[in-house]
Amino acid sequence: NKNGFVDRVLTFVFEYDTPRMVLVRDKKVGVTFRLIQLGVLAYIIGWVFIYEKGYQSVDGIISSVSVKVKGIAYSNNTHSGPRVWDVADYVFPPQGEGGFVVMTNVITTPRQKQDFCPELPEAGKCQSNRDCEKGKADRQGQGIMTGKCLHYSANETTCEIFGWCPVENDHNIPDPPLLKEAENFTVFIKNSISFTQFRVARRNLVESINSTYLKKCIYNKVTDPYCPIFQIGYMVNESGQDFKNLSKKGGIVGIIIDWDCNLDWSVKFCRPTYQFHRLYDASKKERVSGGFNFRYAKYYQDTNGTERRTLFKVFGIRFDILVHGKAGKFDIIPTMTTIGSGVGIFGVATVLCDLMLLHLLPRRNYYKQKKFKHAEDKAEGKWEEDILSHSESLSLSGVELAS
Amino acid sequence: NKNGFVDRVLTFVFEYDTPRMVLVRDKKVGVTFRLIQLGVLAYIIGWVFIYEKGYQSVDGIISSVSVKVKGIAYSNNTHSGPRVWDVADYVFPPQGEGGFVVMTNVITTPRQKQDFCPELPEAGKCQSNRDCEKGKADRQGQGIMTGKCLHYSANETTCEIFGWCPVENDHNIPDPPLLKEAENFTVFIKNSISFTQFRVARRNLVESINSTYLKKCIYNKVTDPYCPIFQIGYMVNESGQDFKNLSKKGGIVGIIIDWDCNLDWSVKFCRPTYQFHRLYDASKKERVSGGFNFRYAKYYQDTNGTERRTLFKVFGIRFDILVHGKAGKFDIIPTMTTIGSGVGIFGVATVLCDLMLLHLLPRRNYYKQKKFKHAEDKAEGKWEEDILSHSESLSLSGVELAS
Amino acid sequence: NKNGFVDRVLTFVFEYDTPRMVLVRDKKVGVTFRLIQLGVLAYIIGWVFIYEKGYQSVDGIISSVSVKVKGIAYSNNTHSGPRVWDVADYVFPPQGEGGFVVMTNVITTPRQKQDFCPELPEAGKCQSNRDCEKGKADRQGQGIMTGKCLHYSANETTCEIFGWCPVENDHNIPDPPLLKEAENFTVFIKNSISFTQFRVARRNLVESINSTYLKKCIYNKVTDPYCPIFQIGYMVNESGQDFKNLSKKGGIVGIIIDWDCNLDWSVKFCRPTYQFHRLYDASKKERVSGGFNFRYAKYYQDTNGTERRTLFKVFGIRFDILVHGKAGKFDIIPTMTTIGSGVGIFGVATVLCDLMLLHLLPRRNYYKQKKFKHAEDKAEGKWEEDILSHSESLSLSGVELAS
């Protein structure tokens, strides 16, 4: 009936059930228990909450990078004569993305055209025509073999190829590198980031930077850690590499922009740090395939209308800007999850101390008796159980004796 | 012996131990307890499970973007005459990556060659040769100073440089911008994503888009939210910027493609949303280093065989496509972890109500007595404990009285 | 007073409270309880700890990719005659980034200049001048209409445009594709990764690869799974696509480099796996906007000084290298959180078995009595409660009878 149901609901609502406990006054167990509790508490508060910020939810970063390189280099090579190189000459790609290459050295092969010519000795040495399989291309070669074996020089004979002729000879890498002034080039890095979940947008031109400062500052990890203008030589050194070696044969420098933001504080303190890494580690393996270079060509038509090209083998320093970061902000979910897990870990203290209490201590049988009360299945009835169930039936008869 | 061991194992297996509870019928504590329990339950079910989807495991996104720009612009500049610009003229890089630049304005410096010429007045004003240090390059300059001070115009003298001559003069930015029609250019964005953990691959050409629709649709956040063809003017406006300003001096627009997928539903509902952001925030700082431009050059040889180049200072709108997203799917691990934490948090209710019951209520001593049973170390024996241990020894003598 | 306080603190420290339990010897409940406990234990140890490595903290990857393509193609087209293509001709962009295009086919439109010419029939058919709105550009058109309707061929009349003339006709895609040898081109992928949190840096040139091996190896998922040199045809096939189709109209291949590292082991076992995906799924939708192509141009001046360009519509295979991965390492925080949640889940066993014990079993009333002890609020006093409080007052009078 309805009344009875309401009664039961009220009984349920007004009722509170709490476990009955045995209070054990045993120094060993007591101290162990409190020590474990203290440890768990210290771990939860000190490590999980304060150090690992377990009360924060974390958001990943999205980022946009643009760069602008500045600087002028002067070379006076025996072949090409005096020449000045500016940004439009030495930056790839020109539009300034997060990954870009600053050319430091170059091997130029001018006036190539589609033609027949002998291969380089390294790629296509031959004794007779039979060594040059017609229509095939050697893995190191620069064209399709025609099947003929020709004189490359007075002493050497090489296979004739059809391809861009004359072939590129990249054995003598200019040393010193053509653009040795590249060390002093500067890179202006603009980085905009966003933590979408927290609706925070930042850029690496932080509050302390104004136009005046920007015009003359150069990044230095100690004195100017927020200046977004970087000298190439400085970055190469910081990455643990040597500019002279790198500029001759090329190489890779990783620029890591790290945003580690605690948004429980003012957003002003959300600032980037810059790190420079050689992306290839310095072990012996390094020798396998070091350096960085690529080829590209400029095409034109000569006065006869023949298509020609100038082939460039470009050695350069490739900069990879890797933006990395996360933001944390107080959030009820991780806080509660952490507390919940913490309360669970507190239970471990009881489990361990019960083990000690009921199995290791001399008076374990006494404690067992205090802790446990038996309620047996009649079918399994033994003598004690009968007694028990008897006393039980007594208590069921209406009078509970202090239990 | 073996039998005894089997017995003990059976006893262990068939045994169930459950805590003994005190049922307290106190309205205050009862209601407090149920309210806290209700709060925890509501929080776990409502917030953690339903709102934050605590029963799902989450996978990050990997993504590939390609774009195709379409549109034709017509300019009629006093210098260069009438001219039509198409995709091959105004998109950088041509292959259509996730980050690309649409040129909207350009300053052209034709027929440069390596030569000697006076610097611009802003970069290299001088009174006499002494002001021009030979072999040095000014930070704003365009070449290496030769040490001479020459007449730039009738009134002004500037340092002579060696470099690409004549030097670029970028002070008069064409206004209106040359490619004012860029506002109507369209960008077709193809985005393929993959949630590798869940083996789900999607593209932004969702099920509702067919060839016919694709040929005529233009993205509009209200009427056509899944059309992958975007008008540049629309994107610039949506990002909170003004196309006229942006097209003159260049700028950056971030396109965020957000995939927030609940894979417990059909994969059809996993669809992108598009947002457009000005990546540099609109504070005063904005004035520091606004706009977006870069330089590149086209090289050629004139009829005398001299290398020449046409230098372009390109102002454009750079679009950065940032793909962002995550997918959630039911997983037993986070579900169980969440439940486990939840059960832990339920324990908090008992802790708080016990505090109330044993320390705040008037009948706290009565409740304490009900809840706790003492089991003392004999060494610490006081009078009550003796009584206790006495009654205990009694109970050990064989008959338990209703406990 | 101070003494009393110290006493109380000592009492607190030396005290251990453990719940009093009822030991129920009921086969059904006992077995159920142990089975649930076993299940929870198996789940926590087997699944959460061993399979999902719940004892590890996880770090995301940052990565840098550079590529180098090698190979030579030979074409003998009726239009352009015999021609050899090398890397500088067919790779975009030349500097070898994570996303690059290998040209496999091309439509060349040479000697375009800014001029007046009739549109293609598909884009600009007209009956009379009225059909050609002056100053407008058709969405498919290649220039600005002048308002005239001209003869394109003997039968067809099209709108005259101003733009790059002659217009590009891209209807006949060369078949077989010009660079059919692209199938055998090789791509050398260098990938450096870093797990910054664990201070681990790796590259895909793992320990087992030396210079000798690198010179002759080709990736094969079974025999050479760590060789970083990939044949284009192999990658296309592995992605589930057909090279012949792809090379004609272009396409996209996703290269996923997956680093799934368990840093509790030696870092040597942290190695990449390579997967190849067609990024557009193979459903019917595929027909919408398939293929991959882009346009670019080479500019030059003819002998009269007129600016001309050669327009290329490049069909190619775009490779998107997506680096994906995570590293796990033992960490105390997730271990403790997992244990905490696990202990919480153990509590679920008690909850379920209590439900069974107190509501389902025939002797439930007996068990209820064993488990619960009533402590009533006097105001709510009923008869039993009075009895209880009476017996309570008795027990308060000094002698506890075995409770």
# chains A, B, ... in the order shown; residues from 1 in each chain; ligands from 1
>>> interface_residues(of="chain A", to="chain C", cutoff="7 Å", atoms="only C-alpha atoms", output="PyMOL selection string")
chain A and resi 19-27+29-31+33-34+48+114+137+143+163+279-280+288+294-297+300+320+341-342+344-345+350+371-377+401-403
>>> residues_around(residues="B:Asn237", least_positions_apart="5", cutoff="12 Å", atoms="only C-alpha atoms", output="ChimeraX atom specification")
/B:183,220,230-232,242-246,253-254,275-278
>>> atom_distance(atom1="atom CA of C:Glu168", atom2="atom CA of C:Gly81")
19.7 Å
>>> select_by_dssp(residues="stretch 89-207 of chain B", states="strand (DSSP E or B)", output="number ranges by chain")
B: 91-92, 99-118, 125, 143-151, 157-165, 186-195, 200-203
>>> atom_distance(atom1="atom CA of C:Ser239", atom2="atom CA of B:Ile189")
22.1 Å
>>> residues_around(residues="A:Arg271", least_positions_apart="2", cutoff="7 Å", atoms="only C-alpha atoms", output="list in words")
Val206, Trp259, Phe269 and Thr273 of chain A
>>> atom_distance(atom1="atom CA of B:Lys268", atom2="atom CA of B:Pro228")
16.5 Å
>>> residues_around(residues="A:Pro110", least_positions_apart="6", cutoff="9 Å", atoms="only C-alpha atoms", output="ChimeraX atom specification")
/A:166,308-312
>>> write_last_selection(atoms="all heavy atoms", output="mmCIF file, in the first residue's frame")
data_model
loop_
_atom_site.group_PDB
_atom_site.id
_atom_site.type_symbol
_atom_site.label_atom_id
_atom_site.label_comp_id
_atom_site.auth_asym_id
_atom_site.auth_seq_id
_atom_site.Cartn_x
_atom_site.Cartn_y
_atom_site.Cartn_z
ATOM 1 N N PRO A 166 75.848 19.447 -69.791
ATOM 2 C CA PRO A 166 76.786 18.492 -69.192
ATOM 3 C C PRO A 166 76.314 18.024 -67.810
ATOM 4 O O PRO A 166 75.580 18.745 -67.148
ATOM 5 C CB PRO A 166 78.069 19.329 -69.055
ATOM 6 C CG PRO A 166 77.589 20.738 -68.932
ATOM 7 C CD PRO A 166 76.363 20.821 -69.791
ATOM 8 N N ARG A 308 66.961 25.392 -71.690
ATOM 9 C CA ARG A 308 68.140 25.125 -70.872
ATOM 10 C C ARG A 308 67.791 25.307 -69.412
ATOM 11 O O ARG A 308 66.765 25.887 -69.071
ATOM 12 C CB ARG A 308 69.283 26.068 -71.262
ATOM 13 C CG ARG A 308 69.909 25.763 -72.604
ATOM 14 C CD ARG A 308 71.128 26.615 -72.822
ATOM 15 N NE ARG A 308 71.721 26.380 -74.125
ATOM 16 C CZ ARG A 308 72.695 25.496 -74.343
ATOM 17 N NH1 ARG A 308 73.189 24.770 -73.353
ATOM 18 N NH2 ARG A 308 73.201 25.348 -75.560
ATOM 19 N N ARG A 309 68.656 24.824 -68.542
ATOM 20 C CA ARG A 309 68.413 25.058 -67.129
ATOM 21 C C ARG A 309 69.739 25.231 -66.428
ATOM 22 O O ARG A 309 70.793 24.770 -66.912
ATOM 23 C CB ARG A 309 67.631 23.908 -66.486
ATOM 24 C CG ARG A 309 68.439 22.646 -66.274
ATOM 25 C CD ARG A 309 67.648 21.567 -65.512
ATOM 26 N NE ARG A 309 68.545 20.498 -65.082
ATOM 27 C CZ ARG A 309 68.144 19.384 -64.476
ATOM 28 N NH1 ARG A 309 66.860 19.181 -64.239
ATOM 29 N NH2 ARG A 309 69.022 18.460 -64.109
ATOM 30 N N THR A 310 69.715 25.910 -65.295
ATOM 31 C CA THR A 310 70.854 25.954 -64.394
ATOM 32 C C THR A 310 70.496 25.082 -63.202
ATOM 33 O O THR A 310 69.478 25.322 -62.552
ATOM 34 C CB THR A 310 71.132 27.389 -63.937
ATOM 35 O OG1 THR A 310 71.292 28.196 -65.095
ATOM 36 C CG2 THR A 310 72.393 27.452 -63.105
ATOM 37 N N LEU A 311 71.324 24.057 -62.985
ATOM 38 C CA LEU A 311 71.030 23.137 -61.882
ATOM 39 C C LEU A 311 71.789 23.580 -60.642
ATOM 40 O O LEU A 311 72.986 23.903 -60.719
ATOM 41 C CB LEU A 311 71.440 21.714 -62.264
ATOM 42 C CG LEU A 311 71.211 20.643 -61.195
ATOM 43 C CD1 LEU A 311 69.728 20.452 -60.928
ATOM 44 C CD2 LEU A 311 71.849 19.330 -61.608
ATOM 45 N N PHE A 312 71.110 23.629 -59.521
ATOM 46 C CA PHE A 312 71.751 23.976 -58.257
ATOM 47 C C PHE A 312 71.687 22.794 -57.304
ATOM 48 O O PHE A 312 70.617 22.224 -57.101
ATOM 49 C CB PHE A 312 71.043 25.171 -57.605
ATOM 50 C CG PHE A 312 71.051 26.402 -58.448
ATOM 51 C CD1 PHE A 312 70.039 26.645 -59.364
ATOM 52 C CD2 PHE A 312 72.074 27.333 -58.337
ATOM 53 C CE1 PHE A 312 70.041 27.782 -60.155
ATOM 54 C CE2 PHE A 312 72.080 28.473 -59.113
ATOM 55 C CZ PHE A 312 71.061 28.699 -60.027
#
>>> residues_around(residues="C:Lys221", least_positions_apart="3", cutoff="8 Å", atoms="only C-alpha atoms", output="list of chain:residue names")
C:Asp224, C:Pro225, C:Tyr274
>>> select_by_dssp(residues="stretch 107-215 of chain B", states="helix (DSSP H, G or I)", output="list in words")
Pro121, Glu122, Ala123, Gly124, Asn129, Arg130, Asp131, Lys180, Glu181, Ala182, Glu183, Asn184, Thr196, Gln197, Phe198, Ser211, Thr212, Tyr213, Leu214 and Lys215 of chain B
>>> closest_residue(among="A:Ala42, A:Ile317, A:Val9, A:Cys126", to="A:Gln241", atoms="only C-alpha atoms")
A:Ile317
>>> residues_around(residues="C:Ala123", least_positions_apart="3", cutoff="6 Å", atoms="only C-alpha atoms", output="list in words")
Leu120, Gln140 and Gly141 of chain C
>>> write_last_selection(atoms="N, CA, C and O atoms", output="PDB file, in the first residue's frame")
ATOM      1  N   LEU C 120      37.980  28.316 -74.281  1.00  0.00           N
ATOM      2  CA  LEU C 120      37.675  26.946 -74.700  1.00  0.00           C
ATOM      3  C   LEU C 120      36.162  26.775 -74.828  1.00  0.00           C
ATOM      4  O   LEU C 120      35.404  27.414 -74.106  1.00  0.00           O
ATOM      5  N   GLN C 140      34.643  28.610 -64.841  1.00  0.00           N
ATOM      6  CA  GLN C 140      35.550  27.661 -65.489  1.00  0.00           C
ATOM      7  C   GLN C 140      36.548  28.357 -66.409  1.00  0.00           C
ATOM      8  O   GLN C 140      37.423  27.707 -66.968  1.00  0.00           O
ATOM      9  N   GLY C 141      36.377  29.685 -66.603  1.00  0.00           N
ATOM     10  CA  GLY C 141      37.150  30.389 -67.626  1.00  0.00           C
ATOM     11  C   GLY C 141      38.569  30.697 -67.193  1.00  0.00           C
ATOM     12  O   GLY C 141      38.954  30.531 -66.040  1.00  0.00           O
TER      13      GLY C 141
END
